[in-house]
file work30.pdb (PDB, C-alpha atoms, pLDDT in the B column)
ATOM      1  CA  MET R   1      51.902 -23.606  48.148  1.00 41.00           C
ATOM      2  CA  ALA R   2      52.918 -26.398  45.766  1.00 44.00           C
ATOM      3  CA  LYS R   3      52.223 -29.974  46.804  1.00 42.00           C
ATOM      4  CA  ALA R   4      55.945 -30.779  47.160  1.00 40.00           C
ATOM      5  CA  GLU R   5      56.484 -27.712  49.367  1.00 41.00           C
ATOM      6  CA  ALA R   6      53.485 -28.641  51.519  1.00 41.00           C
ATOM      7  CA  HIS R   7      54.797 -32.191  51.906  1.00 40.00           C
ATOM      8  CA  LEU R   8      58.255 -30.884  52.852  1.00 38.00           C
ATOM      9  CA  ALA R   9      56.736 -28.520  55.398  1.00 39.00           C
ATOM     10  CA  LEU R  10      54.778 -31.390  56.945  1.00 41.00           C
ATOM     11  CA  SER R  11      58.013 -33.354  57.271  1.00 45.00           C
ATOM     12  CA  ARG R  12      59.483 -30.676  59.556  1.00 49.00           C
ATOM     13  CA  LEU R  13      58.791 -31.450  63.191  1.00 51.00           C
ATOM     14  CA  ASP R  14      58.390 -27.797  64.178  1.00 59.00           C
ATOM     15  CA  ASP R  15      55.954 -26.881  61.398  1.00 62.00           C
ATOM     16  CA  PRO R  16      52.615 -25.700  62.854  1.00 70.00           C
ATOM     17  CA  ARG R  17      50.684 -27.476  60.087  1.00 67.00           C
ATOM     18  CA  ARG R  18      52.288 -30.764  61.111  1.00 58.00           C
ATOM     19  CA  GLN R  19      51.277 -30.182  64.710  1.00 63.00           C
ATOM     20  CA  ALA R  20      47.724 -29.307  63.600  1.00 67.00           C
ATOM     21  CA  ALA R  21      47.556 -32.473  61.462  1.00 63.00           C
ATOM     22  CA  ARG R  22      48.696 -34.562  64.432  1.00 59.00           C
ATOM     23  CA  GLU R  23      46.084 -32.979  66.689  1.00 64.00           C
ATOM     24  CA  ARG R  24      43.338 -33.765  64.149  1.00 63.00           C
ATOM     25  CA  THR R  25      44.365 -37.418  64.084  1.00 58.00           C
ATOM     26  CA  ARG R  26      44.722 -38.043  67.804  1.00 60.00           C
ATOM     27  CA  THR R  27      42.950 -41.271  68.610  1.00 59.00           C
ATOM     28  CA  GLY R  28      40.872 -41.836  71.686  1.00 75.00           C
ATOM     29  CA  ASP R  29      42.701 -45.088  72.363  1.00 89.00           C
ATOM     30  CA  PRO R  30      46.063 -45.396  70.595  1.00 94.00           C
ATOM     31  CA  GLU R  31      46.666 -48.885  71.971  1.00 95.00           C
ATOM     32  CA  ALA R  32      43.391 -50.138  70.470  1.00 95.00           C
ATOM     33  CA  THR R  33      44.326 -48.470  67.172  1.00 95.00           C
ATOM     34  CA  ALA R  34      47.745 -50.170  67.217  1.00 97.00           C
ATOM     35  CA  ARG R  35      46.142 -53.533  67.956  1.00 97.00           C
ATOM     36  CA  ARG R  36      43.658 -53.035  65.092  1.00 97.00           C
ATOM     37  CA  ALA R  37      46.576 -52.251  62.771  1.00 97.00           C
ATOM     38  CA  ALA R  38      48.441 -55.362  63.945  1.00 98.00           C
ATOM     39  CA  ALA R  39      45.365 -57.547  63.433  1.00 98.00           C
ATOM     40  CA  ALA R  40      44.877 -56.162  59.920  1.00 98.00           C
ATOM     41  CA  ALA R  41      48.540 -56.860  59.124  1.00 98.00           C
ATOM     42  CA  LEU R  42      48.171 -60.436  60.373  1.00 98.00           C
ATOM     43  CA  GLU R  43      45.091 -60.891  58.153  1.00 97.00           C
ATOM     44  CA  LYS R  44      47.382 -60.183  55.187  1.00 97.00           C
ATOM     45  CA  LYS R  45      49.908 -62.751  56.465  1.00 97.00           C
ATOM     46  CA  ALA R  46      52.443 -60.243  57.820  1.00 97.00           C
ATOM     47  CA  GLU R  47      55.311 -61.865  59.676  1.00 97.00           C
ATOM     48  CA  ASP R  48      56.862 -61.018  63.042  1.00 96.00           C
ATOM     49  CA  VAL R  49      54.294 -58.368  63.989  1.00 98.00           C
ATOM     50  CA  VAL R  50      55.299 -56.325  67.032  1.00 97.00           C
ATOM     51  CA  LEU R  51      53.876 -53.390  68.969  1.00 97.00           C
ATOM     52  CA  VAL R  52      56.429 -50.967  70.383  1.00 97.00           C
ATOM     53  CA  ASP R  53      54.964 -48.903  73.225  1.00 96.00           C
ATOM     54  CA  LEU R  54      56.517 -45.443  73.001  1.00 94.00           C
ATOM     55  CA  ARG R  55      54.177 -43.664  75.434  1.00 91.00           C
ATOM     56  CA  LYS R  56      56.939 -43.103  77.991  1.00 91.00           C
ATOM     57  CA  HIS R  57      59.718 -42.723  75.415  1.00 91.00           C
ATOM     58  CA  SER R  58      58.633 -40.410  72.605  1.00 86.00           C
ATOM     59  CA  SER R  59      56.439 -37.434  71.879  1.00 82.00           C
ATOM     60  CA  TYR R  60      55.920 -38.128  68.175  1.00 83.00           C
ATOM     61  CA  ALA R  61      53.845 -41.316  68.531  1.00 90.00           C
ATOM     62  CA  ASP R  62      52.427 -43.569  71.224  1.00 93.00           C
ATOM     63  CA  PHE R  63      52.882 -46.847  69.351  1.00 96.00           C
ATOM     64  CA  LEU R  64      54.846 -48.291  66.469  1.00 97.00           C
ATOM     65  CA  VAL R  65      53.512 -51.338  64.704  1.00 98.00           C
ATOM     66  CA  VAL R  66      56.362 -53.108  62.921  1.00 98.00           C
ATOM     67  CA  CYS R  67      55.915 -56.083  60.620  1.00 98.00           C
ATOM     68  CA  SER R  68      57.496 -57.824  57.640  1.00 97.00           C
ATOM     69  CA  GLY R  69      56.413 -59.156  54.294  1.00 96.00           C
ATOM     70  CA  THR R  70      58.204 -61.471  51.908  1.00 94.00           C
ATOM     71  CA  ASN R  71      57.806 -59.559  48.624  1.00 93.00           C
ATOM     72  CA  GLU R  72      56.727 -56.175  47.266  1.00 91.00           C
ATOM     73  CA  ARG R  73      53.210 -57.341  46.422  1.00 92.00           C
ATOM     74  CA  GLN R  74      52.687 -58.587  49.966  1.00 95.00           C
ATOM     75  CA  LEU R  75      54.085 -55.352  51.441  1.00 95.00           C
ATOM     76  CA  GLU R  76      51.529 -53.404  49.414  1.00 93.00           C
ATOM     77  CA  ALA R  77      48.715 -55.769  50.439  1.00 95.00           C
ATOM     78  CA  ILE R  78      49.628 -55.478  54.129  1.00 96.00           C
ATOM     79  CA  ALA R  79      49.828 -51.684  53.943  1.00 95.00           C
ATOM     80  CA  GLU R  80      46.541 -51.418  52.048  1.00 95.00           C
ATOM     81  CA  GLY R  81      44.831 -53.795  54.491  1.00 97.00           C
ATOM     82  CA  VAL R  82      46.029 -51.821  57.517  1.00 97.00           C
ATOM     83  CA  ALA R  83      45.051 -48.496  55.951  1.00 95.00           C
ATOM     84  CA  LYS R  84      41.577 -49.764  55.051  1.00 96.00           C
ATOM     85  CA  SER R  85      40.977 -51.272  58.472  1.00 97.00           C
ATOM     86  CA  LEU R  86      41.956 -48.085  60.285  1.00 95.00           C
ATOM     87  CA  ARG R  87      40.041 -45.834  57.865  1.00 93.00           C
ATOM     88  CA  ASP R  88      36.961 -48.047  58.317  1.00 95.00           C
ATOM     89  CA  SER R  89      37.229 -47.519  62.072  1.00 93.00           C
ATOM     90  CA  GLY R  90      37.409 -43.737  61.634  1.00 91.00           C
ATOM     91  CA  GLU R  91      41.159 -43.119  61.770  1.00 90.00           C
ATOM     92  CA  THR R  92      42.636 -40.545  59.397  1.00 83.00           C
ATOM     93  CA  PRO R  93      46.151 -41.029  58.046  1.00 86.00           C
ATOM     94  CA  ILE R  94      48.537 -38.079  58.144  1.00 87.00           C
ATOM     95  CA  GLY R  95      50.617 -39.631  55.399  1.00 86.00           C
ATOM     96  CA  THR R  96      51.925 -42.697  53.643  1.00 87.00           C
ATOM     97  CA  GLU R  97      55.406 -43.244  52.235  1.00 87.00           C
ATOM     98  CA  GLY R  98      56.818 -45.986  50.019  1.00 84.00           C
ATOM     99  CA  ALA R  99      53.510 -47.615  49.134  1.00 66.00           C
ATOM    100  CA  ARG R 100      54.245 -48.509  45.492  1.00 70.00           C
ATOM    101  CA  GLY R 101      57.180 -50.725  44.708  1.00 70.00           C
ATOM    102  CA  GLY R 102      59.019 -49.903  47.900  1.00 78.00           C
ATOM    103  CA  ARG R 103      60.661 -52.187  50.393  1.00 91.00           C
ATOM    104  CA  TRP R 104      59.462 -50.196  53.397  1.00 93.00           C
ATOM    105  CA  VAL R 105      55.997 -48.710  53.728  1.00 95.00           C
ATOM    106  CA  LEU R 106      55.239 -46.203  56.463  1.00 95.00           C
ATOM    107  CA  LEU R 107      51.648 -45.379  57.464  1.00 95.00           C
ATOM    108  CA  ASP R 108      51.374 -42.414  59.834  1.00 93.00           C
ATOM    109  CA  PHE R 109      48.153 -42.294  61.840  1.00 92.00           C
ATOM    110  CA  GLY R 110      49.370 -39.722  64.361  1.00 89.00           C
ATOM    111  CA  ASP R 111      49.491 -41.625  67.633  1.00 91.00           C
ATOM    112  CA  VAL R 112      50.249 -44.851  65.768  1.00 95.00           C
ATOM    113  CA  VAL R 113      52.889 -45.282  63.060  1.00 96.00           C
ATOM    114  CA  VAL R 114      52.914 -48.533  61.095  1.00 97.00           C
ATOM    115  CA  HIS R 115      56.096 -49.792  59.415  1.00 97.00           C
ATOM    116  CA  VAL R 116      55.796 -52.596  56.862  1.00 97.00           C
ATOM    117  CA  PHE R 117      59.256 -53.836  55.926  1.00 96.00           C
ATOM    118  CA  ALA R 118      60.895 -56.259  53.564  1.00 95.00           C
ATOM    119  CA  GLU R 119      62.948 -58.569  55.783  1.00 94.00           C
ATOM    120  CA  ASP R 120      66.362 -57.155  54.792  1.00 94.00           C
ATOM    121  CA  GLU R 121      65.292 -53.545  55.367  1.00 94.00           C
ATOM    122  CA  ARG R 122      63.783 -54.418  58.710  1.00 95.00           C
ATOM    123  CA  ALA R 123      67.033 -55.997  59.859  1.00 95.00           C
ATOM    124  CA  TYR R 124      69.045 -53.043  58.547  1.00 94.00           C
ATOM    125  CA  TYR R 125      66.954 -50.291  60.190  1.00 94.00           C
ATOM    126  CA  ASP R 126      66.298 -52.337  63.368  1.00 95.00           C
ATOM    127  CA  LEU R 127      63.553 -50.141  64.823  1.00 94.00           C
ATOM    128  CA  GLU R 128      63.035 -52.572  67.675  1.00 93.00           C
ATOM    129  CA  GLY R 129      66.722 -52.171  68.563  1.00 93.00           C
ATOM    130  CA  LEU R 130      66.523 -48.401  68.220  1.00 93.00           C
ATOM    131  CA  TRP R 131      63.665 -48.372  70.738  1.00 94.00           C
ATOM    132  CA  SER R 132      65.081 -51.204  72.883  1.00 93.00           C
ATOM    133  CA  ASP R 133      64.241 -49.318  76.082  1.00 94.00           C
ATOM    134  CA  ALA R 134      60.527 -49.359  75.154  1.00 96.00           C
ATOM    135  CA  PRO R 135      58.227 -52.328  75.829  1.00 96.00           C
ATOM    136  CA  VAL R 136      57.818 -54.596  72.789  1.00 95.00           C
ATOM    137  CA  GLU R 137      54.952 -57.059  72.399  1.00 96.00           C
ATOM    138  CA  HIS R 138      55.004 -59.789  69.757  1.00 96.00           C
ATOM    139  CA  VAL R 139      51.512 -60.171  68.291  1.00 95.00           C
ATOM    140  CA  GLY R 140      49.938 -63.240  66.742  1.00 84.00           C
ATOM    141  CA  GLY R 141      52.052 -65.903  68.413  1.00 58.00           C
ATOM    142  CA  ALA R 142      55.384 -64.869  66.839  1.00 48.00           C
ATOM    143  CA  ALA R 143      58.276 -64.532  69.252  1.00 47.00           C
TER     144      ALA R 143
END
call {"tool": "encode", "arguments": {"input": "work30.pdb", "output": "structure tokens"}}
result
Amino acid sequence: MAKAEAHLALSRLDDPRRQAARERTRTGDPEATARRAAAAALEKKAEDVVLVDLRKHSSYADFLVVCSGTNERQLEAIAEGVAKSLRDSGETPIGTEGARGGRWVLLDFGDVVVHVFAEDERAYYDLEGLWSDAPVEHVGGAA
């Protein structure tokens, strides 16, 4: 199967390969993984870092980590820092989207999905509002 076809298949929720990939990346402690991701984002000066606890609200992930950067270079640095930190602790990413020159980077670690936004895109997509029924914790002193 061509790479593009494989990627498309993995984007379908009902694809067995997607489910297998998720099972391979299940973390022993998704909350600790989310907190590690948030700490790594803060090390790269991410702004307004929040954890969204989806454990009682979604089957696709246990936590979202949402943060902002001020420019494309910082978005890339935040995403790279988070990816390195989680890889160094043994986590395997399922996929990454928007890493080069984008205004929204998504890092999928199975139980934990990290969103690194430019400020305008974050306001537009409003993931915290979308999941407003889920507990949200501001990390690093931001409120």
call {"tool": "closest_atom_pairs", "arguments": {"input": "work30.pdb", "of": "segment 56-107 of chain R", "to": "segment 122-129 of chain R", "cutoff": "10 Å", "atoms": "all atoms listed in the file", "output": "JSON lines"}}
result
{"residue": "R:Leu64", "atom": "CA", "partner": "R:Leu127", "partner_atom": "CA", "distance": 9.1}
{"residue": "R:Val66", "atom": "CA", "partner": "R:Leu127", "partner_atom": "CA", "distance": 8.0}
{"residue": "R:Cys67", "atom": "CA", "partner": "R:Arg122", "partner_atom": "CA", "distance": 8.3}
{"residue": "R:Ser68", "atom": "CA", "partner": "R:Arg122", "partner_atom": "CA", "distance": 7.2}
{"residue": "R:Gly69", "atom": "CA", "partner": "R:Arg122", "partner_atom": "CA", "distance": 9.8}
{"residue": "R:Arg103", "atom": "CA", "partner": "R:Arg122", "partner_atom": "CA", "distance": 9.2}
{"residue": "R:Trp104", "atom": "CA", "partner": "R:Arg122", "partner_atom": "CA", "distance": 8.0}
call {"tool": "residues_near_point", "arguments": {"input": "work30.pdb", "point": "(50.2, -49.8, 63.0)", "cutoff": "8 Å", "atoms": "only C-alpha atoms", "output": "MDAnalysis selection string"}}
result
chainID R and resid 33:38 51 63:66 82 107 109 112:115
call {"tool": "residues_around", "arguments": {"input": "work30.pdb", "residues": "segment 53-55 of chain R", "least_positions_apart": "2", "cutoff": "7 Å", "atoms": "all atoms listed in the file", "output": "list in words"}}
result
Leu51, His57, Ser58, Ala61, Asp62, Phe63, Leu64, Ala134, Pro135 and Val136 of chain R
call {"tool": "atom_distance", "arguments": {"input": "work30.pdb", "atom1": "atom CA of Val50 of chain R", "atom2": "atom CA of Val116 of chain R"}}
result
10.8 Å
call {"tool": "closest_residue", "arguments": {"input": "work30.pdb", "among": "R:Gly95, R:Gly90, R:Gly140, R:Gly101", "to": "Glu72 of chain R", "atoms": "all atoms listed in the file"}}
result
R:Gly101
call {"tool": "residues_near_point", "arguments": {"input": "work30.pdb", "point": "(57.6, -61.9, 49.4)", "cutoff": "12 Å", "atoms": "only C-alpha atoms", "output": "list of chain:residue names"}}
result
R:Lys44, R:Lys45, R:Ala46, R:Glu47, R:Ser68, R:Gly69, R:Thr70, R:Asn71, R:Glu72, R:Arg73, R:Gln74, R:Leu75, R:Glu76, R:Ala77, R:Ile78, R:Arg103, R:Phe117, R:Ala118, R:Glu119, R:Asp120
call {"tool": "atom_distance", "arguments": {"input": "work30.pdb", "atom1": "atom CA of Ala32 of chain R", "atom2": "atom CA of Trp131 of chain R"}}
result
20.4 Å
call {"tool": "closest_residue", "arguments": {"input": "work30.pdb", "among": "R:Leu86, R:Val52, R:Ala79, R:Ala41", "to": "Gly102 of chain R", "atoms": "all atoms listed in the file"}}
result
R:Ala79
call {"tool": "atom_distance", "arguments": {"input": "work30.pdb", "atom1": "atom CA of Gly98 of chain R", "atom2": "atom CA of Glu137 of chain R"}}
result
25.0 Å
call {"tool": "closest_residue", "arguments": {"input": "work30.pdb", "among": "R:Lys56, R:Gly81, R:Gly110, R:Thr92", "to": "Ala40 of chain R", "atoms": "only C-alpha atoms"}}
result
R:Gly81
call {"tool": "axis_aligned_box", "arguments": {"input": "work30.pdb", "around": "segment 41-52 of chain R", "padding_each_side": "6 Å", "output": "AutoDock Vina command-line options"}}
result
--center_x 51.0 --center_y -56.9 --center_z 62.8 --size_x 23.8 --size_y 23.8 --size_z 27.2
